[in-house]
$ cat upload_6.txt   # compact mmCIF, C-alpha atoms
# COMPACT_ATOMS: atom_id res chain seq x y z
CA MET A 1 -3.51 -13.86 44.97
CA SER A 2 -2.28 -12.54 41.64
CA GLU A 3 0.21 -14.37 39.46
CA SER A 4 2.98 -12.03 40.45
CA THR A 5 2.50 -12.51 44.18
CA ALA A 6 2.12 -16.25 43.69
CA ALA A 7 5.50 -16.16 41.98
CA GLY A 8 7.01 -14.68 45.13
CA ALA A 9 6.99 -10.97 44.36
CA LEU A 10 4.87 -8.41 46.12
CA SER A 11 2.75 -6.22 43.91
CA ALA A 12 4.09 -2.82 43.01
CA THR A 13 1.42 -0.16 42.96
CA PRO A 14 2.24 3.55 43.02
CA ARG A 15 1.89 3.66 46.80
CA THR A 16 4.11 0.64 47.44
CA THR A 17 6.69 1.61 44.86
CA LEU A 18 9.29 3.30 46.99
CA ARG A 19 10.07 6.83 46.03
CA ARG A 20 12.75 7.24 48.65
CA GLY A 21 15.36 4.73 49.66
CA ARG A 22 14.83 2.43 46.71
CA ASP A 23 17.97 0.56 47.68
CA LYS A 24 16.30 -0.31 50.97
CA GLY A 25 13.23 -1.85 49.32
CA ARG A 26 12.74 -5.58 49.29
CA VAL A 27 10.08 -7.19 47.16
CA ALA A 28 10.24 -10.92 47.74
CA ARG A 29 7.25 -12.37 49.50
CA GLU A 30 9.50 -14.27 51.88
CA ASP A 31 10.94 -10.96 53.05
CA LEU A 32 7.44 -9.83 53.98
CA TYR A 33 6.85 -12.99 56.00
CA ALA A 34 10.23 -12.53 57.70
CA VAL A 35 9.24 -9.06 58.94
CA LEU A 36 5.80 -10.27 60.02
CA ARG A 37 7.39 -13.16 61.93
CA ALA A 38 9.73 -10.79 63.76
CA ALA A 39 7.01 -8.80 65.56
CA PHE A 40 3.51 -9.22 66.93
CA VAL A 41 2.27 -5.64 67.26
CA CYS A 42 1.48 -3.60 64.16
CA HIS A 43 0.26 -0.06 63.67
CA LEU A 44 -3.04 0.05 61.85
CA GLY A 45 -3.92 3.28 60.07
CA VAL A 46 -7.53 3.98 59.20
CA ASP A 47 -9.13 7.07 57.76
CA VAL A 48 -11.74 8.68 60.02
CA ASP A 49 -13.51 11.52 58.21
CA GLY A 50 -10.37 12.40 56.31
CA VAL A 51 -8.11 12.22 59.34
CA PRO A 52 -5.79 9.26 59.85
CA MET A 53 -6.00 7.31 63.10
CA VAL A 54 -3.07 5.05 63.97
CA VAL A 55 -3.66 2.31 66.54
CA PRO A 56 -1.34 -0.41 67.76
CA THR A 57 -2.78 -3.90 67.73
CA VAL A 58 -1.64 -7.52 67.73
CA TYR A 59 -1.71 -9.59 64.57
CA GLY A 60 -1.08 -12.98 63.06
CA PHE A 61 -0.88 -14.11 59.45
CA ASP A 62 -1.03 -16.98 57.02
CA ASP A 63 0.24 -17.13 53.45
CA ASP A 64 -2.45 -14.86 52.10
CA ARG A 65 -3.79 -12.65 54.85
CA LEU A 66 -2.99 -10.66 57.95
CA TYR A 67 -5.42 -11.10 60.84
CA LEU A 68 -5.84 -8.45 63.46
CA HIS A 69 -7.93 -7.36 66.36
CA GLY A 70 -9.99 -4.52 65.05
CA SER A 71 -12.26 -3.28 67.82
CA VAL A 72 -10.92 0.26 67.75
CA ALA A 73 -10.58 0.42 63.99
CA SER A 74 -13.79 -1.30 63.06
CA ARG A 75 -16.04 1.53 64.19
CA SER A 76 -14.29 3.61 61.55
CA LEU A 77 -14.50 1.01 58.81
CA THR A 78 -18.12 1.79 58.14
CA GLY A 79 -18.01 2.11 54.39
CA PRO A 80 -17.27 -0.96 52.34
CA GLY A 81 -14.03 -0.66 50.44
CA ALA A 82 -12.22 1.50 52.97
CA THR A 83 -8.49 1.08 52.53
CA VAL A 84 -6.23 0.75 55.55
CA CYS A 85 -2.49 0.75 55.96
CA VAL A 86 -0.81 -1.64 58.36
CA THR A 87 2.82 -1.04 59.24
CA VAL A 88 5.03 -3.48 61.14
CA THR A 89 8.37 -2.15 62.30
CA VAL A 90 11.26 -3.86 64.05
CA VAL A 91 13.96 -1.49 65.27
CA ASP A 92 17.36 -3.21 65.23
CA GLY A 93 19.56 -0.37 66.40
CA LEU A 94 21.09 3.03 65.81
CA VAL A 95 23.50 3.86 63.03
CA LEU A 96 25.96 6.38 64.38
CA ALA A 97 27.86 8.04 61.56
CA ARG A 98 30.61 10.66 61.35
CA SER A 99 28.11 13.32 60.33
CA MET A 100 24.64 13.92 61.76
CA PHE A 101 23.28 13.82 58.21
CA GLU A 102 24.30 10.18 57.75
CA HIS A 103 22.79 9.03 61.04
CA SER A 104 20.17 6.40 60.58
CA VAL A 105 18.29 3.53 62.16
CA ASN A 106 18.72 -0.15 61.38
CA TYR A 107 15.24 -1.58 61.02
CA ARG A 108 12.93 -3.95 59.20
CA SER A 109 9.55 -2.63 58.17
CA ALA A 110 6.58 -3.84 56.19
CA MET A 111 3.72 -1.72 54.92
CA ILE A 112 0.53 -3.40 53.77
CA TYR A 113 -2.36 -1.67 52.02
CA GLY A 114 -5.72 -3.22 51.54
CA THR A 115 -9.39 -3.38 52.28
CA PRO A 116 -9.94 -5.42 55.41
CA GLN A 117 -12.76 -7.86 55.68
CA VAL A 118 -14.59 -7.79 59.01
CA LEU A 119 -14.99 -11.49 59.77
CA THR A 120 -18.53 -12.48 60.67
CA ASP A 121 -18.53 -16.25 60.34
CA GLN A 122 -17.92 -17.85 63.75
CA ARG A 123 -15.54 -20.42 62.30
CA ASP A 124 -13.55 -17.76 60.44
CA LYS A 125 -13.28 -15.62 63.57
CA LEU A 126 -12.11 -18.57 65.62
CA ASP A 127 -9.52 -19.47 62.98
CA ALA A 128 -8.29 -15.88 62.91
CA LEU A 129 -8.04 -15.75 66.70
CA ARG A 130 -6.11 -19.01 66.72
CA ILE A 131 -3.70 -17.70 64.09
CA VAL A 132 -3.11 -14.51 66.07
CA SER A 133 -2.73 -16.43 69.32
CA GLU A 134 -0.31 -18.96 67.83
CA HIS A 135 1.74 -16.14 66.34
CA VAL A 136 1.96 -14.17 69.57
CA THR A 137 2.19 -17.05 72.04
CA PRO A 138 2.73 -20.45 70.43
CA GLY A 139 1.07 -23.18 72.47
CA GLN A 140 -1.29 -20.93 74.40
CA TRP A 141 -4.30 -21.70 72.18
CA ASP A 142 -4.23 -25.33 73.27
CA TYR A 143 -3.65 -24.38 76.92
CA ALA A 144 -6.09 -21.62 77.84
CA ARG A 145 -9.88 -21.72 77.69
CA ARG A 146 -11.03 -20.92 74.17
CA PRO A 147 -13.61 -18.24 73.41
CA SER A 148 -17.24 -18.96 74.15
CA PRO A 149 -19.80 -18.04 71.47
CA LYS A 150 -20.63 -14.93 73.48
CA GLU A 151 -16.99 -13.92 73.76
CA LEU A 152 -16.48 -14.61 70.09
CA ALA A 153 -19.41 -12.37 69.25
CA ALA A 154 -17.82 -9.59 71.30
CA THR A 155 -14.56 -9.86 69.38
CA THR A 156 -13.93 -8.02 66.12
CA MET A 157 -11.44 -9.67 63.81
CA LEU A 158 -10.20 -8.22 60.55
CA ALA A 159 -8.58 -10.05 57.65
CA LEU A 160 -6.37 -8.03 55.33
CA PRO A 161 -5.03 -9.49 52.05
CA LEU A 162 -1.23 -9.54 51.80
CA ASP A 163 -1.41 -8.71 48.10
CA GLU A 164 -0.23 -5.11 48.19
CA ALA A 165 2.79 -4.70 50.37
CA SER A 166 6.29 -3.34 50.51
CA VAL A 167 9.23 -4.16 52.72
CA LYS A 168 12.02 -1.82 53.68
CA LEU A 169 15.06 -2.54 55.76
CA ARG A 170 18.44 -1.18 56.64
CA SER A 171 21.27 -3.04 58.27
CA GLY A 172 24.97 -2.65 58.71
CA PRO A 173 27.40 0.18 59.45
CA PRO A 174 27.03 3.85 58.49
CA ASP A 175 27.46 4.90 54.88
CA ASP A 176 30.11 7.58 55.32
CA ALA A 177 33.25 5.46 55.69
CA ASP A 178 34.36 6.55 52.22
CA SER A 179 33.40 10.19 52.65
CA PRO A 180 35.73 13.07 53.56
CA ASP A 181 34.20 12.86 57.05
CA ALA A 182 36.18 9.67 57.67
CA GLU A 183 39.18 11.93 58.17
CA LEU A 184 37.57 13.52 61.21
CA GLY A 185 38.82 10.54 63.15
CA LEU A 186 35.49 10.05 64.92
CA TRP A 187 34.15 6.73 66.11
CA ALA A 188 31.31 5.41 63.99
CA GLY A 189 29.30 2.23 64.10
CA GLU A 190 26.11 0.61 65.25
CA LEU A 191 24.41 0.50 68.59
CA PRO A 192 22.27 -2.64 68.36
CA LEU A 193 18.93 -2.83 70.13
CA ARG A 194 17.40 -6.16 71.00
CA ALA A 195 14.07 -7.11 72.53
CA SER A 196 14.13 -10.11 74.81
CA TRP A 197 11.57 -12.00 76.83
CA GLN A 198 12.09 -11.95 80.56
CA GLU A 199 11.23 -14.60 83.14
CA PRO A 200 7.48 -15.21 83.36
CA VAL A 201 5.82 -13.40 86.27
CA SER A 202 3.05 -15.47 87.82
CA ASP A 203 -0.24 -13.78 88.64
CA PRO A 204 0.03 -12.97 92.39
CA ALA A 205 -3.51 -14.35 92.75
CA LEU A 206 -2.33 -17.71 91.48
CA SER A 207 -1.71 -20.67 93.72
CA PRO A 208 2.05 -21.11 93.93
CA ALA A 209 1.56 -24.76 93.02
CA VAL A 210 0.93 -23.85 89.38
CA PRO A 211 4.20 -23.42 87.51
CA PRO A 212 4.45 -21.74 84.10
CA PRO A 213 3.69 -24.35 81.43
CA PRO A 214 6.48 -25.57 79.11
CA HIS A 215 5.32 -23.55 76.11
CA VAL A 216 5.58 -20.31 78.12
CA LEU A 217 9.03 -21.23 79.42
CA ALA A 218 10.06 -22.11 75.85
CA LEU A 219 8.87 -18.73 74.61
CA ALA A 220 10.65 -16.92 77.44
CA ALA A 221 13.89 -18.68 76.47
CA ARG A 222 13.51 -17.75 72.80
CA PRO A 223 14.81 -14.56 71.19
CA ALA A 224 11.92 -12.12 70.99
CA MET B 225 -0.34 25.75 74.94
CA SER B 226 -3.87 26.19 76.23
CA GLU B 227 -4.65 26.78 79.88
CA SER B 228 -5.79 23.23 80.38
CA THR B 229 -2.63 21.73 78.99
CA ALA B 230 -0.52 24.18 80.91
CA ALA B 231 -2.31 22.93 84.00
CA GLY B 232 -1.07 19.44 83.24
CA ALA B 233 -4.05 17.89 81.50
CA LEU B 234 -4.16 16.87 77.88
CA SER B 235 -7.07 18.15 75.88
CA ALA B 236 -10.03 15.88 75.39
CA THR B 237 -11.54 16.16 71.95
CA PRO B 238 -13.92 13.55 70.55
CA ARG B 239 -11.08 11.64 68.90
CA THR B 240 -8.83 11.60 71.94
CA THR B 241 -11.64 10.79 74.33
CA LEU B 242 -11.32 7.07 74.67
CA ARG B 243 -14.40 5.12 73.73
CA ARG B 244 -12.87 1.79 74.62
CA GLY B 245 -10.69 1.01 77.58
CA ARG B 246 -11.47 4.17 79.46
CA ASP B 247 -9.83 2.70 82.54
CA LYS B 248 -6.61 2.50 80.57
CA GLY B 249 -6.63 6.19 79.66
CA ARG B 250 -4.24 8.60 81.27
CA VAL B 251 -4.65 12.30 80.88
CA ALA B 252 -1.82 13.94 82.77
CA ARG B 253 0.72 15.70 80.63
CA GLU B 254 3.56 14.05 82.52
CA ASP B 255 2.22 10.66 81.42
CA LEU B 256 2.53 11.79 77.80
CA TYR B 257 6.13 12.85 78.35
CA ALA B 258 6.86 9.52 80.07
CA VAL B 259 5.67 7.57 77.01
CA LEU B 260 7.56 9.87 74.64
CA ARG B 261 10.73 9.43 76.71
CA ALA B 262 10.42 5.64 76.59
CA ALA B 263 10.78 5.30 72.80
CA PHE B 264 12.40 7.05 69.86
CA VAL B 265 10.50 5.66 66.87
CA CYS B 266 6.89 6.70 66.28
CA HIS B 267 4.36 5.75 63.62
CA LEU B 268 3.19 8.78 61.69
CA GLY B 269 -0.15 8.51 59.93
CA VAL B 270 -0.94 10.88 57.10
CA ASP B 271 -3.86 10.95 54.73
CA VAL B 272 -2.93 10.51 51.06
CA ASP B 273 -5.94 11.03 48.83
CA GLY B 274 -8.28 9.55 51.43
CA VAL B 275 -6.02 6.60 52.19
CA PRO B 276 -3.95 6.51 55.37
CA MET B 277 -0.21 5.97 55.10
CA VAL B 278 1.63 4.89 58.25
CA VAL B 279 5.39 5.40 58.34
CA PRO B 280 7.86 4.78 61.14
CA THR B 281 10.18 7.67 61.92
CA VAL B 282 12.39 8.93 64.72
CA TYR B 283 11.29 11.82 66.89
CA GLY B 284 12.25 14.12 69.71
CA PHE B 285 10.19 16.54 71.76
CA ASP B 286 10.16 19.52 74.05
CA ASP B 287 7.41 20.72 76.39
CA ASP B 288 5.17 21.88 73.58
CA ARG B 289 5.97 20.04 70.40
CA LEU B 290 7.03 16.77 68.84
CA TYR B 291 9.73 17.02 66.19
CA LEU B 292 10.08 14.41 63.52
CA HIS B 293 11.79 13.58 60.30
CA GLY B 294 9.17 14.03 57.67
CA SER B 295 10.70 13.30 54.28
CA VAL B 296 8.28 10.52 53.42
CA ALA B 297 5.28 12.21 54.94
CA SER B 298 5.95 15.72 53.73
CA ARG B 299 5.18 14.96 50.10
CA SER B 300 1.69 14.12 51.25
CA LEU B 301 1.28 17.16 53.45
CA THR B 302 0.59 19.37 50.52
CA GLY B 303 -2.49 21.11 51.75
CA PRO B 304 -2.19 23.48 54.68
CA GLY B 305 -4.10 22.27 57.67
CA ALA B 306 -3.70 18.55 57.03
CA THR B 307 -4.11 16.66 60.28
CA VAL B 308 -1.79 13.81 61.12
CA CYS B 309 -1.82 11.18 63.85
CA VAL B 310 1.40 10.17 65.55
CA THR B 311 1.37 7.06 67.69
CA VAL B 312 4.18 5.99 70.01
CA THR B 313 3.93 2.49 71.44
CA VAL B 314 6.11 0.66 73.94
CA VAL B 315 5.28 -3.03 74.32
CA ASP B 316 6.05 -4.21 77.85
CA GLY B 317 4.95 -7.83 77.57
CA LEU B 318 2.20 -10.37 77.15
CA VAL B 319 -0.68 -10.85 79.56
CA LEU B 320 -1.48 -14.57 79.61
CA ALA B 321 -4.86 -15.19 81.17
CA ARG B 322 -6.92 -18.30 81.95
CA SER B 323 -9.19 -17.63 78.97
CA MET B 324 -8.16 -16.51 75.50
CA PHE B 325 -10.69 -13.70 75.78
CA GLU B 326 -8.80 -12.06 78.65
CA HIS B 327 -5.43 -12.24 76.94
CA SER B 328 -3.88 -8.85 76.52
CA VAL B 329 -0.68 -6.90 76.06
CA ASN B 330 1.03 -4.71 78.62
CA TYR B 331 1.96 -1.52 76.84
CA ARG B 332 2.30 2.23 77.01
CA SER B 333 0.98 4.21 74.09
CA ALA B 334 0.49 7.84 73.17
CA MET B 335 -1.57 9.16 70.29
CA ILE B 336 -1.11 12.74 69.15
CA TYR B 337 -3.29 14.54 66.64
CA GLY B 338 -2.38 17.81 65.06
CA THR B 339 -1.39 19.83 62.07
CA PRO B 340 2.35 19.64 61.63
CA GLN B 341 4.37 22.63 60.67
CA VAL B 342 7.04 21.99 58.05
CA LEU B 343 10.00 23.89 59.44
CA THR B 344 11.63 26.22 56.94
CA ASP B 345 13.78 28.50 59.07
CA GLN B 346 17.36 27.17 59.18
CA ARG B 347 17.67 27.86 62.89
CA ASP B 348 14.37 26.10 63.66
CA LYS B 349 15.38 23.08 61.61
CA LEU B 350 18.73 22.87 63.34
CA ASP B 351 17.05 23.14 66.75
CA ALA B 352 14.60 20.38 65.81
CA LEU B 353 17.40 18.13 64.58
CA ARG B 354 19.32 18.71 67.79
CA ILE B 355 16.26 17.86 69.88
CA VAL B 356 15.69 14.63 67.92
CA SER B 357 19.38 13.72 68.08
CA GLU B 358 19.63 14.38 71.80
CA HIS B 359 16.51 12.32 72.41
CA VAL B 360 17.71 9.34 70.38
CA THR B 361 21.42 9.48 71.21
CA PRO B 362 22.31 11.89 74.01
CA GLY B 363 25.74 13.39 73.46
CA GLN B 364 26.01 12.60 69.77
CA TRP B 365 25.07 16.11 68.66
CA ASP B 366 28.22 17.52 70.27
CA TYR B 367 30.35 14.66 68.91
CA ALA B 368 29.50 14.19 65.24
CA ARG B 369 29.80 16.74 62.46
CA ARG B 370 26.70 18.91 62.37
CA PRO B 371 24.64 19.47 59.25
CA SER B 372 25.98 21.80 56.58
CA PRO B 373 23.56 24.35 55.09
CA LYS B 374 23.18 22.08 52.06
CA GLU B 375 22.44 19.03 54.21
CA LEU B 376 20.01 21.06 56.28
CA ALA B 377 18.21 22.14 53.12
CA ALA B 378 17.87 18.47 52.14
CA THR B 379 16.29 17.58 55.48
CA THR B 380 12.57 17.91 56.14
CA MET B 381 11.63 18.48 59.76
CA LEU B 382 8.10 18.61 61.09
CA ALA B 383 6.89 20.15 64.35
CA LEU B 384 3.63 18.85 65.80
CA PRO B 385 1.94 20.56 68.75
CA LEU B 386 1.44 18.32 71.79
CA ASP B 387 -1.92 19.95 72.52
CA GLU B 388 -4.25 17.14 71.50
CA ALA B 389 -3.08 13.83 72.80
CA SER B 390 -4.17 10.77 74.70
CA VAL B 391 -2.21 8.17 76.61
CA LYS B 392 -3.20 4.57 77.14
CA LEU B 393 -1.43 1.95 79.11
CA ARG B 394 -1.91 -1.43 80.66
CA SER B 395 0.27 -3.08 83.24
CA GLY B 396 0.05 -5.90 85.72
CA PRO B 397 -1.42 -9.40 85.79
CA PRO B 398 -4.46 -10.69 83.89
CA ASP B 399 -7.94 -9.60 84.93
CA ASP B 400 -9.54 -13.02 85.37
CA ALA B 401 -8.17 -14.05 88.78
CA ASP B 402 -11.62 -13.49 90.27
CA SER B 403 -13.54 -15.14 87.46
CA PRO B 404 -14.88 -18.71 87.37
CA ASP B 405 -11.94 -19.48 85.07
CA ALA B 406 -9.60 -19.30 88.06
CA GLU B 407 -10.91 -22.74 88.98
CA LEU B 408 -9.45 -24.20 85.80
CA GLY B 409 -6.17 -24.38 87.68
CA LEU B 410 -4.23 -22.95 84.75
CA TRP B 411 -1.09 -20.89 85.08
CA ALA B 412 -1.62 -17.21 84.36
CA GLY B 413 0.66 -14.23 84.48
CA GLU B 414 2.86 -11.91 82.51
CA LEU B 415 5.66 -12.57 80.07
CA PRO B 416 7.65 -9.34 80.17
CA LEU B 417 9.42 -8.07 77.09
CA ARG B 418 12.35 -5.70 77.39
CA ALA B 419 14.41 -3.87 74.81
CA SER B 420 18.07 -3.46 75.65
CA TRP B 421 21.05 -1.87 73.99
CA GLN B 422 23.84 -4.22 73.04
CA GLU B 423 27.58 -3.58 72.86
CA PRO B 424 28.46 -0.95 70.24
CA VAL B 425 29.69 -2.46 66.96
CA SER B 426 32.45 -0.39 65.40
CA ASP B 427 32.28 0.33 61.69
CA PRO B 428 34.62 -2.30 60.13
CA ALA B 429 36.07 0.51 58.01
CA LEU B 430 37.14 2.34 61.16
CA SER B 431 40.69 2.39 62.42
CA PRO B 432 40.77 0.11 65.47
CA ALA B 433 42.46 2.92 67.35
CA VAL B 434 39.16 4.80 67.71
CA PRO B 435 37.16 3.49 70.66
CA PRO B 436 33.45 4.19 71.15
CA PRO B 437 33.14 7.56 72.92
CA PRO B 438 31.91 7.72 76.53
CA HIS B 439 28.40 8.92 75.65
CA VAL B 440 27.86 5.89 73.40
CA LEU B 441 29.14 3.51 76.06
CA ALA B 442 26.89 5.25 78.59
CA LEU B 443 23.88 4.79 76.30
CA ALA B 444 24.74 1.12 75.70
CA ALA B 445 24.83 0.57 79.47
CA ARG B 446 21.46 2.25 80.00
CA PRO B 447 18.09 0.51 79.84
CA ALA B 448 16.62 1.09 76.38
$ encode --input "upload_6.txt" --output "structure tokens"
Amino acid sequence: MSESTAAGALSATPRTTLRRGRDKGRVAREDLYAVLRAAFVCHLGVDVDGVPMVVPTVYGFDDDRLYLHGSVASRSLTGPGATVCVTVTVVDGLVLARSMFEHSVNYRSAMIYGTPQVLTDQRDKLDALRIVSEHVTPGQWDYARRPSPKELAATTMLALPLDEASVKLRSGPPDDADSPDAELGLWAGELPLRASWQEPVSDPALSPAVPPPPHVLALAARPA
Amino acid sequence: MSESTAAGALSATPRTTLRRGRDKGRVAREDLYAVLRAAFVCHLGVDVDGVPMVVPTVYGFDDDRLYLHGSVASRSLTGPGATVCVTVTVVDGLVLARSMFEHSVNYRSAMIYGTPQVLTDQRDKLDALRIVSEHVTPGQWDYARRPSPKELAATTMLALPLDEASVKLRSGPPDDADSPDAELGLWAGELPLRASWQEPVSDPALSPAVPPPPHVLALAARPA
């Protein structure tokens, strides 16, 4: 990690220096973690013969790296040094303004550029899987059967440094309260959107005697 | 639209022919529309000097084309014929299996490849904006002030043909009910995730005398 990121700021390279919506940009490292904590599916963009391919996949992270399942992407990451872009987006609601032009979306988004490492060491892969699992479903790693060596070999895990990233977000009411459009007398405001876990649905093939374990019930009761 | 798409099937080119998870692939055109109806934010991947950039943006669609805000992307779409990838993903929940290896996500996802057209005709841009607005917030187009010519000029709209697309989805319980792992006696099942609209939040700058209009209340009461 460079000095600047160690000090809490994300690096600013031309592609992560926001050209639009500078006011929406956030650069503190903690803001990046906050966005990454708020979701578990990212969109991974890889270049395939000059054409971008964007695939959704689950992820986890530690202080320095993002870990993600990379089976689809990895067949495209043939050359060493290929740069990918991972975007995580949480949609918080609609911003309904007086004019169509001022309509917007409240959201939190992180964009990470980097060269992913395809993990080959068994221990590293297992660690990465655990990190992803604990991020998506805390407690499940200690509950379910862990990967066998054969299963581990069949799993592709990528590690992407969190060194080059940007965070954008928008929150709050529309921006046209002070504009001449306010005189139109129209309603304006936010329509919040929230994701929530529902009650666990047991596998129909399961014996009814097996209840959902506490960590699953705890997750279901938590805000998503 | 080609004959095959008119007949209800999406085209199968090498990049939309699924190499993994073939059983999860859906090819009927109606399945594409169903995924597009279920969300309003997509992830647009564009190639910038050989590096993919993935940006979230709102969209709308008609039978033949996807329409999207393209301000961020358009500066990269300099060359004619640049292919983009648009991915729309709805996460429906977690699939918690007996083994970590069988863990999965229930989701619906569409991936569309194509060369977007940057709309220049005022009428086309207005139509595209209306289609996006009506998709995201039905009724708002007839309620809020529509774009002025100046605002329209400042808006970049892209149109992407829906000719080359693939749909993937997974639903239902884990796949390991018939495996030896079933004898572990562990709970397994689904943890559904659902997005829902919350009560509209009026702009604090708004006179309290203006209530949310019926179409906003109707949207808030609808499943997201």
$ closest_atom_pairs --input "upload_6.txt" --of "chain B" --to "chain A" --cutoff "6 Å" --atoms "all atoms listed in the file" --output "tab-separated table"
residue	atom	partner	partner_atom	distance
B:Gly269	CA	A:Pro52	CA	5.7
B:Val270	CA	A:Pro52	CA	5.8
B:Asp271	CA	A:Pro52	CA	5.7
B:Pro276	CA	A:Pro52	CA	5.6
B:Met277	CA	A:Cys85	CA	5.8
B:Cys309	CA	A:Met53	CA	5.7
B:Arg322	CA	A:Ala144	CA	5.3
B:Ser323	CA	A:Arg145	CA	4.3
B:Met324	CA	A:Arg146	CA	5.4
B:Phe325	CA	A:Pro147	CA	5.9
B:Ala368	CA	A:Ser99	CA	5.2
B:Arg369	CA	A:Ser99	CA	4.4
B:Arg370	CA	A:Met100	CA	5.4
B:Pro371	CA	A:Phe101	CA	5.9
B:Pro397	CA	A:Asp203	CA	5.4
B:Trp411	CA	A:Val210	CA	5.6
B:Ala412	CA	A:Asp203	CA	5.7
B:Gly413	CA	A:Asp203	CA	4.3
B:Glu414	CA	A:Val201	CA	5.0
B:Leu415	CA	A:Pro200	CA	4.6
B:Pro416	CA	A:Gln198	CA	5.2
B:Leu417	CA	A:Trp197	CA	4.5
B:Arg418	CA	A:Ala195	CA	5.3
B:Ala419	CA	A:Ala195	CA	4.0
B:Ser420	CA	A:Arg194	CA	5.4
B:Trp421	CA	A:Leu193	CA	4.5
B:Gln422	CA	A:Pro192	CA	5.2
B:Pro424	CA	A:Leu191	CA	4.6
B:Val425	CA	A:Glu190	CA	5.0
B:Ser426	CA	A:Gly189	CA	4.3
B:Asp427	CA	A:Gly189	CA	4.3
B:Val434	CA	A:Trp187	CA	5.6
B:Pro436	CA	A:Trp187	CA	5.7
$ axis_aligned_box --input "upload_6.txt" --around "stretch 303-312 of chain B" --padding-each-side "5 Å" --output "JSON"
{"center_x": 0.0, "center_y": 14.7, "center_z": 60.9, "size_x": 18.3, "size_y": 27.5, "size_z": 28.3}
$ atom_distance --input "upload_6.txt" --atom1 "atom CA of B:Ala383" --atom2 "atom CA of B:Arg253"
18.0 Å
$ atom_distance --input "upload_6.txt" --atom1 "atom CA of A:Leu68" --atom2 "atom CA of A:Ala39"
13.0 Å
$ atom_distance --input "upload_6.txt" --atom1 "atom CA of B:Ala252" --atom2 "atom CA of B:Gly284"
19.2 Å
$ closest_residue --input "upload_6.txt" --among "B:Ala262, B:Ile355, B:Leu343, B:Leu290" --to "B:Thr380" --atoms "all atoms listed in the file"
B:Leu343
$ decode --input "upload_6.txt" --residues "stretch 53-67 of chain A" --atoms "N, CA and C atoms" --output "PDB file, in the first residue's frame"
ATOM      1  N   MET A  53     -16.441  -6.999 -20.840  1.00  0.00           N
ATOM      2  CA  MET A  53     -17.437  -7.960 -20.378  1.00  0.00           C
ATOM      3  C   MET A  53     -17.692  -7.638 -18.912  1.00  0.00           C
ATOM      4  N   VAL A  54     -18.952  -7.507 -18.543  1.00  0.00           N
ATOM      5  CA  VAL A  54     -19.308  -7.117 -17.176  1.00  0.00           C
ATOM      6  C   VAL A  54     -20.095  -8.255 -16.541  1.00  0.00           C
ATOM      7  N   VAL A  55     -19.518  -8.845 -15.496  1.00  0.00           N
ATOM      8  CA  VAL A  55     -20.173  -9.976 -14.835  1.00  0.00           C
ATOM      9  C   VAL A  55     -20.391  -9.702 -13.353  1.00  0.00           C
ATOM     10  N   PRO A  56     -21.572 -10.058 -12.865  1.00  0.00           N
ATOM     11  CA  PRO A  56     -21.812  -9.921 -11.429  1.00  0.00           C
ATOM     12  C   PRO A  56     -21.185 -11.086 -10.681  1.00  0.00           C
ATOM     13  N   THR A  57     -20.617 -10.788  -9.533  1.00  0.00           N
ATOM     14  CA  THR A  57     -20.023 -11.853  -8.732  1.00  0.00           C
ATOM     15  C   THR A  57     -19.926 -11.413  -7.271  1.00  0.00           C
ATOM     16  N   VAL A  58     -19.896 -12.390  -6.369  1.00  0.00           N
ATOM     17  CA  VAL A  58     -19.794 -12.046  -4.950  1.00  0.00           C
ATOM     18  C   VAL A  58     -18.341 -11.722  -4.584  1.00  0.00           C
ATOM     19  N   TYR A  59     -18.190 -10.975  -3.515  1.00  0.00           N
ATOM     20  CA  TYR A  59     -16.856 -10.564  -3.090  1.00  0.00           C
ATOM     21  C   TYR A  59     -16.769 -10.490  -1.573  1.00  0.00           C
ATOM     22  N   GLY A  60     -15.546 -10.393  -1.104  1.00  0.00           N
ATOM     23  CA  GLY A  60     -15.247 -10.063   0.281  1.00  0.00           C
ATOM     24  C   GLY A  60     -14.001  -9.191   0.244  1.00  0.00           C
ATOM     25  N   PHE A  61     -13.561  -8.709   1.381  1.00  0.00           N
ATOM     26  CA  PHE A  61     -12.381  -7.834   1.365  1.00  0.00           C
ATOM     27  C   PHE A  61     -11.711  -7.792   2.728  1.00  0.00           C
ATOM     28  N   ASP A  62     -10.420  -7.459   2.709  1.00  0.00           N
ATOM     29  CA  ASP A  62      -9.743  -7.112   3.949  1.00  0.00           C
ATOM     30  C   ASP A  62      -9.196  -5.698   3.771  1.00  0.00           C
ATOM     31  N   ASP A  63      -8.280  -5.280   4.612  1.00  0.00           N
ATOM     32  CA  ASP A  63      -7.803  -3.898   4.525  1.00  0.00           C
ATOM     33  C   ASP A  63      -7.184  -3.563   3.176  1.00  0.00           C
ATOM     34  N   ASP A  64      -6.555  -4.548   2.564  1.00  0.00           N
ATOM     35  CA  ASP A  64      -5.731  -4.261   1.399  1.00  0.00           C
ATOM     36  C   ASP A  64      -6.273  -4.766   0.071  1.00  0.00           C
ATOM     37  N   ARG A  65      -7.141  -5.784   0.137  1.00  0.00           N
ATOM     38  CA  ARG A  65      -7.529  -6.414  -1.123  1.00  0.00           C
ATOM     39  C   ARG A  65      -8.998  -6.811  -1.166  1.00  0.00           C
ATOM     40  N   LEU A  66      -9.521  -6.841  -2.379  1.00  0.00           N
ATOM     41  CA  LEU A  66     -10.847  -7.369  -2.642  1.00  0.00           C
ATOM     42  C   LEU A  66     -10.655  -8.799  -3.149  1.00  0.00           C
ATOM     43  N   TYR A  67     -11.489  -9.701  -2.669  1.00  0.00           N
ATOM     44  CA  TYR A  67     -11.411 -11.098  -3.111  1.00  0.00           C
ATOM     45  C   TYR A  67     -12.697 -11.447  -3.825  1.00  0.00           C
TER      46      TYR A  67
END
